[in-house]
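Student: structure.pdb is reproduced below (PDB, C-alpha atoms and all ligand atoms).
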ATOM      1  CA  MET C   1     -27.125 -47.702 -48.778
ATOM      2  CA  ASN C   2     -23.551 -48.219 -49.846
ATOM      3  CA  LYS C   3     -20.681 -47.269 -47.619
ATOM      4  CA  PHE C   4     -20.395 -43.801 -49.119
ATOM      5  CA  THR C   5     -24.040 -42.767 -48.803
ATOM      6  CA  SER C   6     -24.290 -44.176 -45.304
ATOM      7  CA  LYS C   7     -21.257 -42.086 -44.388
ATOM      8  CA  VAL C   8     -22.916 -39.013 -45.885
ATOM      9  CA  ALA C   9     -26.144 -39.854 -44.092
ATOM     10  CA  ALA C  10     -24.280 -40.259 -40.823
ATOM     11  CA  ALA C  11     -22.471 -37.005 -41.422
ATOM     12  CA  THR C  12     -25.743 -35.237 -42.246
ATOM     13  CA  LEU C  13     -27.392 -36.683 -39.153
ATOM     14  CA  GLY C  14     -24.377 -35.610 -37.126
ATOM     15  CA  MET C  15     -24.626 -32.110 -38.536
ATOM     16  CA  THR C  16     -28.342 -31.984 -37.797
ATOM     17  CA  LEU C  17     -27.743 -33.053 -34.221
ATOM     18  CA  ALA C  18     -24.939 -30.525 -33.921
ATOM     19  CA  ALA C  19     -27.214 -27.832 -35.292
ATOM     20  CA  VAL C  20     -29.998 -28.782 -32.887
ATOM     21  CA  SER C  21     -27.795 -28.986 -29.826
ATOM     22  CA  GLY C  22     -25.918 -25.973 -31.197
ATOM     23  CA  GLN C  23     -29.169 -24.098 -31.083
ATOM     24  CA  ALA C  24     -29.785 -25.150 -27.506
ATOM     25  CA  LEU C  25     -26.259 -24.018 -26.629
ATOM     26  CA  ALA C  26     -26.397 -20.802 -28.650
ATOM     27  CA  ALA C  27     -27.949 -18.854 -25.829
ATOM     28  CA  ASP C  28     -24.634 -17.464 -24.601
ATOM     29  CA  SER C  29     -23.945 -13.887 -25.621
ATOM     30  CA  SER C  30     -20.915 -13.320 -27.860
ATOM     31  CA  LYS C  31     -19.822 -10.531 -25.514
ATOM     32  CA  PRO C  32     -16.566 -11.461 -23.804
ATOM     33  CA  ILE C  33     -16.573 -12.990 -20.356
ATOM     34  CA  VAL C  34     -14.169 -10.770 -18.429
ATOM     35  CA  ILE C  35     -11.748 -12.701 -16.200
ATOM     36  CA  PRO C  36      -9.459 -10.870 -13.755
ATOM     37  CA  THR C  37      -5.795 -11.681 -13.218
ATOM     38  CA  HIS C  38      -4.146 -10.922  -9.874
ATOM     39  CA  ASN C  39      -0.681 -11.216  -8.352
ATOM     40  CA  TRP C  40      -0.292 -14.841  -7.356
ATOM     41  CA  ASP C  41       0.382 -17.698  -9.714
ATOM     42  CA  SER C  42      -2.397 -20.258  -9.229
ATOM     43  CA  GLN C  43      -4.919 -17.449  -9.736
ATOM     44  CA  ILE C  44      -3.414 -16.365 -13.046
ATOM     45  CA  THR C  45      -3.000 -19.902 -14.359
ATOM     46  CA  MET C  46      -6.558 -20.716 -13.273
ATOM     47  CA  ALA C  47      -7.799 -17.599 -15.088
ATOM     48  CA  TYR C  48      -6.446 -19.048 -18.337
ATOM     49  CA  VAL C  49      -7.683 -22.543 -17.462
ATOM     50  CA  ILE C  50     -11.223 -21.284 -16.939
ATOM     51  CA  GLY C  51     -10.958 -18.968 -19.940
ATOM     52  CA  GLY C  52      -9.808 -21.952 -21.995
ATOM     53  CA  ILE C  53     -12.842 -23.953 -20.867
ATOM     54  CA  PHE C  54     -15.174 -21.085 -21.820
ATOM     55  CA  GLU C  55     -13.457 -20.725 -25.208
ATOM     56  CA  HIS C  56     -13.806 -24.449 -25.793
ATOM     57  CA  MET C  57     -17.541 -23.935 -25.261
ATOM     58  CA  GLY C  58     -17.528 -21.238 -27.957
ATOM     59  CA  ASN C  59     -17.436 -18.202 -25.702
ATOM     60  CA  ASN C  60     -15.322 -15.089 -26.040
ATOM     61  CA  VAL C  61     -13.028 -14.249 -23.161
ATOM     62  CA  GLU C  62     -11.087 -11.199 -22.090
ATOM     63  CA  TYR C  63      -8.454 -10.986 -19.325
ATOM     64  CA  VAL C  64      -7.924  -7.868 -17.248
ATOM     65  CA  PRO C  65      -5.339  -7.273 -14.520
ATOM     66  CA  ALA C  66      -7.371  -6.238 -11.478
ATOM     67  CA  ASP C  67      -6.845  -5.075  -7.918
ATOM     68  CA  THR C  68      -7.311  -8.002  -5.543
ATOM     69  CA  GLN C  69      -9.734  -6.198  -3.200
ATOM     70  CA  GLY C  70     -11.299  -3.755  -5.670
ATOM     71  CA  VAL C  71     -12.256  -6.558  -8.057
ATOM     72  CA  TYR C  72     -15.449  -7.331  -6.098
ATOM     73  CA  GLU C  73     -16.725  -3.814  -6.748
ATOM     74  CA  SER C  74     -15.748  -4.259 -10.433
ATOM     75  CA  ILE C  75     -17.748  -7.483 -10.549
ATOM     76  CA  ARG C  76     -20.670  -5.776  -8.855
ATOM     77  CA  ASN C  77     -20.810  -3.046 -11.501
ATOM     78  CA  GLY C  78     -20.226  -5.491 -14.366
ATOM     79  CA  ASP C  79     -16.749  -4.422 -15.533
ATOM     80  CA  VAL C  80     -15.460  -7.860 -14.536
ATOM     81  CA  THR C  81     -17.583 -11.022 -14.871
ATOM     82  CA  ILE C  82     -16.078 -13.452 -12.344
ATOM     83  CA  SER C  83     -13.573 -14.005  -9.572
ATOM     84  CA  HIS C  84     -12.568 -17.655  -9.532
ATOM     85  CA  GLU C  85     -10.369 -17.677  -6.378
ATOM     86  CA  VAL C  86     -12.126 -15.886  -3.522
ATOM     87  CA  TRP C  87      -9.971 -16.795  -0.512
ATOM     88  CA  GLN C  88     -11.923 -16.484   2.712
ATOM     89  CA  SER C  89      -9.228 -15.002   4.915
ATOM     90  CA  THR C  90      -8.001 -12.366   2.480
ATOM     91  CA  PHE C  91     -11.054 -11.481   0.412
ATOM     92  CA  GLY C  92     -14.088 -12.716   2.353
ATOM     93  CA  ALA C  93     -14.883  -9.249   3.728
ATOM     94  CA  SER C  94     -14.666  -7.479   0.322
ATOM     95  CA  PHE C  95     -16.685 -10.265  -1.322
ATOM     96  CA  TYR C  96     -19.500 -10.087   1.241
ATOM     97  CA  ALA C  97     -19.475  -6.271   1.257
ATOM     98  CA  ALA C  98     -20.011  -6.255  -2.528
ATOM     99  CA  MET C  99     -22.697  -8.957  -2.232
ATOM    100  CA  ALA C 100     -24.534  -6.909   0.386
ATOM    101  CA  LYS C 101     -24.627  -3.913  -1.966
ATOM    102  CA  GLY C 102     -26.089  -6.143  -4.692
ATOM    103  CA  GLY C 103     -24.719  -7.290  -8.026
ATOM    104  CA  VAL C 104     -22.365 -10.066  -6.923
ATOM    105  CA  ILE C 105     -23.437 -13.689  -6.587
ATOM    106  CA  ASP C 106     -21.842 -16.697  -4.910
ATOM    107  CA  ALA C 107     -21.277 -19.236  -7.701
ATOM    108  CA  GLY C 108     -20.112 -22.052  -5.449
ATOM    109  CA  THR C 109     -17.126 -23.360  -3.551
ATOM    110  CA  HIS C 110     -14.042 -25.246  -4.663
ATOM    111  CA  ASP C 111     -13.295 -28.567  -3.006
ATOM    112  CA  ALA C 112      -9.975 -27.224  -1.697
ATOM    113  CA  MET C 113      -9.865 -25.893   1.840
ATOM    114  CA  THR C 114      -7.550 -22.927   2.329
ATOM    115  CA  LEU C 115      -5.182 -21.481   4.860
ATOM    116  CA  GLU C 116      -3.433 -18.138   4.382
ATOM    117  CA  GLU C 117      -0.893 -17.734   7.129
ATOM    118  CA  VAL C 118       2.714 -17.022   7.956
ATOM    119  CA  GLY C 119       5.036 -19.927   8.496
ATOM    120  CA  VAL C 120       8.418 -21.481   7.809
ATOM    121  CA  PRO C 121       9.757 -23.848   5.156
ATOM    122  CA  GLN C 122       9.831 -27.442   6.418
ATOM    123  CA  TRP C 123      13.636 -27.434   6.693
ATOM    124  CA  VAL C 124      13.483 -24.725   9.387
ATOM    125  CA  ILE C 125      11.556 -27.208  11.520
ATOM    126  CA  ASP C 126      13.722 -30.182  10.516
ATOM    127  CA  GLU C 127      16.890 -28.305  11.520
ATOM    128  CA  ASN C 128      15.177 -27.121  14.717
ATOM    129  CA  LEU C 129      16.240 -23.519  14.121
ATOM    130  CA  CYS C 130      13.492 -22.283  16.472
ATOM    131  CA  PRO C 131      12.593 -24.921  19.045
ATOM    132  CA  GLY C 132       8.912 -25.033  19.906
ATOM    133  CA  LEU C 133       7.568 -24.053  16.479
ATOM    134  CA  PRO C 134       4.956 -24.057  15.061
ATOM    135  CA  ASN C 135       3.446 -22.665  18.301
ATOM    136  CA  TYR C 136       3.674 -18.859  17.954
ATOM    137  CA  GLU C 137       4.934 -18.438  21.511
ATOM    138  CA  ALA C 138       8.201 -20.056  20.477
ATOM    139  CA  LEU C 139       8.859 -17.000  18.287
ATOM    140  CA  LYS C 140       9.404 -14.848  21.405
ATOM    141  CA  ASP C 141      12.692 -16.660  22.011
ATOM    142  CA  CYS C 142      13.739 -16.576  18.344
ATOM    143  CA  VAL C 143      13.995 -12.862  17.584
ATOM    144  CA  ASP C 144      17.645 -13.202  16.527
ATOM    145  CA  VAL C 145      16.920 -16.301  14.458
ATOM    146  CA  PHE C 146      14.501 -14.340  12.273
ATOM    147  CA  ALA C 147      16.368 -10.990  12.232
ATOM    148  CA  THR C 148      17.436  -9.792   8.758
ATOM    149  CA  ALA C 149      19.733  -7.067   7.437
ATOM    150  CA  ASP C 150      16.848  -4.598   7.220
ATOM    151  CA  SER C 151      15.067  -5.437  10.488
ATOM    152  CA  ASP C 152      17.043  -3.401  13.034
ATOM    153  CA  GLY C 153      17.733  -6.429  15.165
ATOM    154  CA  LYS C 154      14.050  -7.312  15.341
ATOM    155  CA  GLY C 155      12.538 -10.566  14.241
ATOM    156  CA  ARG C 156      11.147 -10.164  10.726
ATOM    157  CA  ILE C 157       7.953 -11.447   9.215
ATOM    158  CA  LEU C 158       7.896 -11.105   5.425
ATOM    159  CA  GLU C 159       4.270 -10.464   4.474
ATOM    160  CA  GLY C 160       2.836 -10.542   0.955
ATOM    161  CA  PRO C 161       1.890  -7.282  -0.795
ATOM    162  CA  GLN C 162       0.101  -4.921   1.591
ATOM    163  CA  SER C 163      -2.890  -4.828  -0.787
ATOM    164  CA  TRP C 164      -3.715  -8.382   0.339
ATOM    165  CA  HIS C 165      -4.263  -7.870   4.089
ATOM    166  CA  GLY C 166      -3.611  -4.243   5.004
ATOM    167  CA  ASP C 167      -2.538  -4.174   8.649
ATOM    168  CA  VAL C 168      -3.709  -7.618   9.729
ATOM    169  CA  TYR C 169      -0.154  -8.827  10.455
ATOM    170  CA  PRO C 170       1.222  -5.611  12.011
ATOM    171  CA  ASN C 171      -1.851  -5.651  14.272
ATOM    172  CA  ARG C 172      -1.335  -9.283  15.165
ATOM    173  CA  VAL C 173       2.339  -8.791  15.902
ATOM    174  CA  ALA C 174       1.532  -5.796  18.128
ATOM    175  CA  ALA C 175      -1.103  -7.816  19.990
ATOM    176  CA  LEU C 176       0.824 -11.082  20.392
ATOM    177  CA  LEU C 177       4.577 -10.565  19.908
ATOM    178  CA  GLY C 178       5.314  -6.927  20.767
ATOM    179  CA  ASP C 179       8.061  -4.496  19.781
ATOM    180  CA  ASP C 180      10.773  -7.066  19.104
ATOM    181  CA  TRP C 181       9.096  -7.979  15.820
ATOM    182  CA  VAL C 182       8.567  -6.136  12.549
ATOM    183  CA  VAL C 183       6.425  -6.898   9.491
ATOM    184  CA  LYS C 184       7.900  -6.128   6.056
ATOM    185  CA  PHE C 185       5.778  -6.261   2.917
ATOM    186  CA  ALA C 186       6.945  -8.035  -0.228
ATOM    187  CA  GLY C 187       6.291  -6.297  -3.528
ATOM    188  CA  THR C 188       5.002  -9.469  -5.162
ATOM    189  CA  GLY C 189       4.200 -13.069  -4.337
ATOM    190  CA  ALA C 190       7.320 -14.084  -6.251
ATOM    191  CA  ALA C 191       9.442 -12.143  -3.730
ATOM    192  CA  LEU C 192       8.307 -14.624  -1.054
ATOM    193  CA  TRP C 193       9.633 -17.574  -3.022
ATOM    194  CA  ALA C 194      12.866 -15.718  -3.784
ATOM    195  CA  ASP C 195      13.295 -15.201  -0.052
ATOM    196  CA  HIS C 196      12.710 -18.914   0.627
ATOM    197  CA  ALA C 197      15.376 -19.821  -1.921
ATOM    198  CA  ALA C 198      17.872 -17.262  -0.565
ATOM    199  CA  ALA C 199      17.272 -18.335   3.039
ATOM    200  CA  LYS C 200      17.868 -21.958   2.127
ATOM    201  CA  LEU C 201      21.146 -21.110   0.405
ATOM    202  CA  GLU C 202      22.268 -18.993   3.359
ATOM    203  CA  GLY C 203      21.057 -21.542   5.894
ATOM    204  CA  ARG C 204      19.014 -18.904   7.728
ATOM    205  CA  ALA C 205      15.520 -19.327   9.040
ATOM    206  CA  THR C 206      12.779 -17.266   7.433
ATOM    207  CA  LEU C 207       9.226 -16.499   8.449
ATOM    208  CA  THR C 208       6.956 -15.495   5.565
ATOM    209  CA  PHE C 209       3.372 -15.327   4.502
ATOM    210  CA  ASN C 210       2.225 -18.257   2.384
ATOM    211  CA  TRP C 211      -0.915 -20.218   1.699
ATOM    212  CA  THR C 212      -2.308 -23.584   0.776
ATOM    213  CA  PRO C 213      -3.165 -24.789  -1.837
ATOM    214  CA  ASN C 214       0.149 -23.724  -3.311
ATOM    215  CA  PHE C 215       3.177 -25.246  -5.022
ATOM    216  CA  THR C 216       4.968 -25.216  -1.654
ATOM    217  CA  ASP C 217       2.609 -27.961  -0.411
ATOM    218  CA  ALA C 218       4.850 -30.480  -2.178
ATOM    219  CA  ASP C 219       8.089 -29.454  -0.390
ATOM    220  CA  GLY C 220       6.433 -28.866   2.945
ATOM    221  CA  PHE C 221       5.662 -25.552   4.598
ATOM    222  CA  VAL C 222       4.703 -25.307   8.255
ATOM    223  CA  PHE C 223       2.172 -22.662   9.273
ATOM    224  CA  ILE C 224       2.512 -20.928  12.635
ATOM    225  CA  GLU C 225      -0.215 -21.853  15.118
ATOM    226  CA  TRP C 226      -1.660 -18.663  16.578
ATOM    227  CA  PRO C 227      -4.639 -18.341  18.904
ATOM    228  CA  GLU C 228      -7.608 -19.601  16.907
ATOM    229  CA  TYR C 229      -9.495 -17.237  14.610
ATOM    230  CA  PHE C 230     -12.978 -16.152  15.582
ATOM    231  CA  GLN C 231     -15.450 -13.777  13.960
ATOM    232  CA  GLY C 232     -14.658 -10.248  15.112
ATOM    233  CA  CYS C 233     -11.106 -10.860  16.330
ATOM    234  CA  ARG C 234      -9.458  -8.651  13.700
ATOM    235  CA  VAL C 235      -8.955  -4.944  14.386
ATOM    236  CA  ALA C 236     -11.006  -4.069  11.269
ATOM    237  CA  ASP C 237     -13.856  -6.092  12.798
ATOM    238  CA  GLY C 238     -13.604  -4.451  16.208
ATOM    239  CA  GLY C 239     -11.202  -6.909  17.867
ATOM    240  CA  THR C 240      -7.622  -6.734  19.113
ATOM    241  CA  GLY C 241      -6.094  -8.692  16.250
ATOM    242  CA  ALA C 242      -4.831 -11.397  18.594
ATOM    243  CA  CYS C 243      -5.775 -14.360  16.424
ATOM    244  CA  GLY C 244      -4.573 -16.420  13.476
ATOM    245  CA  SER C 245      -6.254 -16.776  10.088
ATOM    246  CA  PRO C 246      -9.393 -18.824   9.565
ATOM    247  CA  LYS C 247      -9.107 -22.242   7.974
ATOM    248  CA  GLY C 248     -11.299 -21.199   5.149
ATOM    249  CA  TRP C 249     -13.151 -21.770   1.953
ATOM    250  CA  LEU C 250     -12.269 -20.937  -1.630
ATOM    251  CA  LYS C 251     -15.260 -19.552  -3.477
ATOM    252  CA  LYS C 252     -16.243 -18.422  -6.940
ATOM    253  CA  ALA C 253     -17.948 -15.076  -7.430
ATOM    254  CA  ALA C 254     -19.826 -13.745 -10.459
ATOM    255  CA  ASN C 255     -21.699 -10.704 -11.649
ATOM    256  CA  TYR C 256     -25.436 -11.293 -11.141
ATOM    257  CA  LYS C 257     -26.158 -10.983 -14.879
ATOM    258  CA  PHE C 258     -23.689 -13.723 -15.889
ATOM    259  CA  PRO C 259     -26.326 -16.528 -15.592
ATOM    260  CA  LYS C 260     -28.602 -14.581 -17.959
ATOM    261  CA  THR C 261     -26.051 -13.375 -20.523
ATOM    262  CA  HIS C 262     -24.061 -16.631 -20.680
ATOM    263  CA  PRO C 263     -26.278 -19.420 -19.288
ATOM    264  CA  MET C 264     -24.139 -22.297 -20.583
ATOM    265  CA  ALA C 265     -20.850 -20.782 -19.438
ATOM    266  CA  TYR C 266     -22.408 -19.895 -16.092
ATOM    267  CA  LYS C 267     -23.663 -23.454 -15.641
ATOM    268  CA  ALA C 268     -20.154 -24.759 -16.328
ATOM    269  CA  TYR C 269     -18.718 -22.138 -13.982
ATOM    270  CA  THR C 270     -20.917 -23.298 -11.114
ATOM    271  CA  LYS C 271     -19.595 -26.846 -11.680
ATOM    272  CA  ILE C 272     -15.935 -25.828 -11.817
ATOM    273  CA  ASP C 273     -14.384 -27.262  -8.706
ATOM    274  CA  PHE C 274     -10.651 -27.589  -8.146
ATOM    275  CA  SER C 275      -8.951 -29.625  -5.431
ATOM    276  CA  THR C 276      -5.889 -28.794  -3.354
ATOM    277  CA  GLY C 277      -3.750 -30.967  -5.636
ATOM    278  CA  MET C 278      -5.020 -29.361  -8.838
ATOM    279  CA  ILE C 279      -4.474 -25.814  -7.597
ATOM    280  CA  GLY C 280      -1.008 -26.702  -6.286
ATOM    281  CA  GLN C 281      -0.231 -28.069  -9.735
ATOM    282  CA  MET C 282      -1.418 -24.883 -11.498
ATOM    283  CA  ALA C 283       1.034 -22.913  -9.347
ATOM    284  CA  ALA C 284       3.861 -25.460  -9.646
ATOM    285  CA  LEU C 285       3.821 -25.368 -13.459
ATOM    286  CA  VAL C 286       4.794 -21.694 -13.137
ATOM    287  CA  ASP C 287       6.815 -21.537  -9.914
ATOM    288  CA  ILE C 288       8.735 -24.787 -10.264
ATOM    289  CA  ASP C 289       8.600 -25.580 -13.989
ATOM    290  CA  LYS C 290       8.953 -21.863 -14.910
ATOM    291  CA  MET C 291       6.263 -21.953 -17.593
ATOM    292  CA  SER C 292       4.311 -18.846 -18.549
ATOM    293  CA  HIS C 293       0.805 -18.742 -17.076
ATOM    294  CA  GLU C 294      -0.727 -19.244 -20.534
ATOM    295  CA  ASP C 295       1.480 -22.262 -21.282
ATOM    296  CA  ALA C 296       0.827 -23.681 -17.805
ATOM    297  CA  ALA C 297      -2.923 -23.404 -18.384
ATOM    298  CA  ALA C 298      -2.670 -25.030 -21.818
ATOM    299  CA  LYS C 299      -0.680 -27.903 -20.329
ATOM    300  CA  TRP C 300      -3.072 -28.269 -17.418
ATOM    301  CA  LEU C 301      -6.049 -28.399 -19.791
ATOM    302  CA  ALA C 302      -4.309 -30.939 -22.031
ATOM    303  CA  ASP C 303      -3.389 -33.149 -19.057
ATOM    304  CA  ASN C 304      -6.785 -32.951 -17.334
ATOM    305  CA  GLU C 305      -9.340 -33.140 -20.093
ATOM    306  CA  ASP C 306     -11.449 -35.655 -18.191
ATOM    307  CA  VAL C 307     -11.690 -33.233 -15.259
ATOM    308  CA  TRP C 308     -12.750 -30.113 -17.116
ATOM    309  CA  GLN C 309     -14.856 -31.742 -19.853
ATOM    310  CA  ALA C 310     -17.173 -32.920 -17.079
ATOM    311  CA  PHE C 311     -17.798 -29.306 -16.045
ATOM    312  CA  THR C 312     -19.131 -28.494 -19.516
ATOM    313  CA  LYS C 313     -21.693 -31.308 -19.620
TER     314      LYS C 313
HETATM  315  C1  LIG V   1      -4.855 -14.695  -1.686
HETATM  316  N1  LIG V   1      -3.597 -15.426  -1.409
HETATM  317  C2  LIG V   1      -3.702 -16.811  -1.933
HETATM  318  C3  LIG V   1      -2.440 -14.737  -2.026
HETATM  319  O1  LIG V   1      -3.445 -15.506  -0.080
END
Go through the file and emit its structure as structure tokens.
Ligand code: TMO
Tutor:
Amino acid sequence: MNKFTSKVAAATLGMTLAAVSGQALAADSSKPIVIPTHNWDSQITMAYVIGGIFEHMGNNVEYVPADTQGVYESIRNGDVTISHEVWQSTFGASFYAAMAKGGVIDAGTHDAMTLEEVGVPQWVIDENLCPGLPNYEALKDCVDVFATADSDGKGRILEGPQSWHGDVYPNRVAALLGDDWVVKFAGTGAALWADHAAAKLEGRATLTFNWTPNFTDADGFVFIEWPEYFQGCRVADGGTGACGSPKGWLKKAANYKFPKTHPMAYKAYTKIDFSTGMIGQMAALVDIDKMSHEDAAAKWLADNEDVWQAFTK
């Protein structure tokens, strides 16, 4: 064989192999995999990261904005295919309730451990604005330190959107801090970061909900230490609410038909496993670098090909 024919032969062989392995891979339905987007940044970026991985594998993907608690029922009835960031503290109950009804499966756990809790930016500790933090009991002597224009002289905790935790924080404050404290709900996650920035400029302390992994891991954020979480301590679970959040897992959920309709994508999905650093980065590309979620995902995929290619093998 001369150079040309051997090239053609190699190309033909390559095509044959592609066709054969293509056949083995062709089992995934062309129906779109429906990925929900919620109201915090790592989740939205990760939606496009995972969607990008599925598209790379030849799948069709659709994104739908979805309610953060209601999404588990939507997965159960098949309107949504996956939920790729199931945070134990905030969504564990809705996830397990939908699983118990049937139709939702546990598709594995990310490497990252999670904490969803109120706390203060590192500089509040460094400047010793409330001596004794992060122990929650120190807050009792810092009502004025955390009072804001809209708090009626009470200490203020700025919670995330109420759709995330309902009355978990008002209940906790009632059980552990009393009437001198008030919980206000932010409209969006972004409002929390705006408050951090404003507080820093004004040199005032601020106590807000936050979580890890997040972009704030890099700057430092100190979570309040409350009495330890235990099963049943929340009011919704029959308790008094006098406990902090669990140090929890970060799971992946899927509709029970996903392994049958899209076996290759499902297999990759079970392998998808992001670390604290990776998830912090997905948020930072948006919250610090001010990229759109789609651009952040494209950059993350371009910068981490070795990571995600391994999930598809
Ligand atoms: C679910 N969240 C990360 C906003 O706590």
Student: Please write out the residues within 6 Å of ligand LIG 1 (chain V) as a tab-separated table (two decimals) with C-alpha atoms, in the coordinates of the input, counting only C-alpha atoms and all ligand atoms.
Tutor:
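part-v2.tsv written:
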chain	number	residue	atom	x	y	z
C	40	TRP	CA	-0.29	-14.84	-7.36
C	87	TRP	CA	-9.97	-16.80	-0.51
C	90	THR	CA	-8.00	-12.37	2.48
C	116	GLU	CA	-3.43	-18.14	4.38
C	211	TRP	CA	-0.92	-20.22	1.70
Student: Could you list the residues chosen by the PyMOL selection byres (((chain C and resi 255) around 6) and not hetatm) in this structure as a ChimeraX atom specification?
Tutor: /C:75-76,81,103-104,254,256-258
Student: Would you mind listing what lies within 6 Å of Trp181 in chain C as a PyMOL selection string, with all atoms listed in the file counted and same-chain residues fewer than 4 positions away left out?
Tutor: chain C and resi 154-156
Student: Check which residues satisfy the PyMOL selection byres (((chain C and resi 85) around 7) and not hetatm) in the file shown, then give them as a list in words.
Tutor: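 This file, filtered by the PyMOL selection byres (((chain C and resi 85) around 7) and not hetatm), leaves Gln43, Ser83, His84, Val86, Trp87, Leu250, Lys251 and Lys252 of chain C.
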Student: I need the residue set behind the PyMOL selection byres (((chain C and resi 223-231) around 9) and not hetatm) for this file; please write it as a VMD selection string.
Tutor: chain C and resid 115 to 121 133 to 137 176 209 to 211 221 to 222 232 to 234 237 239 242 to 247
Student: Would you list the contacts of range 33-39 of chain C as a list in words, taking every protein, DNA or RNA residue within 7 Å and counting only C-alpha atoms, but skipping same-chain residues closer than 4 positions in sequence?
Tutor: Gln43, Ile44, Ala47, Asn60, Val61, Glu62, Tyr63, Val64, Pro65, Ala66, Asp67, Thr68, Val80, Thr81, Ile82, Ser83, Thr188 and Gly189 of chain C
Student: What residues have an atom no more than 10 Å from (13.5, -13.5, 20.4) in the file's own frame, counting all atoms listed in the file, and can you write them as a list in words?
Tutor: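 The residues near that point, listed by chain and number, are Cys130, Glu137, Ala138, Leu139, Lys140, Asp141, Cys142, Val143, Asp144, Val145, Phe146, Ala147, Gly153, Lys154, Gly155, Leu177, Asp180 and Trp181 of chain C.
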Student: Within 10 Å of Met264 in chain C, counting all atoms listed in the file, which residues show up once you throw out same-chain ones fewer than 3 positions away? Write them as an MDAnalysis selection string, please.
Tutor: chainID C and resid 24:29 54 57:59 258:261 267:269 312:313
Student: In Å, how far is it from CA of Val49 in chain C to CA of Phe215 in chain C?
Tutor: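 Atom-to-atom, CA of Val49 in chain C and CA of Phe215 in chain C are spaced 16.7 Å apart.
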Student: Pick out the residues sitting within 12 Å of Gly277 in chain C, and hand them over as a ChimeraX atom specification; count all atoms listed in the file, and ignore anything fewer than 6 positions along from it in its own chain.
Tutor: /C:42,110-114,212-218,283-284
Student: Box along x, y and z, 5 Å on every side, all listed atoms of range 286-304 of chain C inside: centre and edge lengths in Å to one decimal, as AutoDock Vina command-line options.
Tutor:
--center_x 1.1 --center_y -25.9 --center_z -16.0 --size_x 25.7 --size_y 24.4 --size_z 22.1
Student: Separation of CA of Met46 in chain C and CA of Ala297 in chain C, in Å?
Tutor: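 Interatomic distance here is 6.8 Å.
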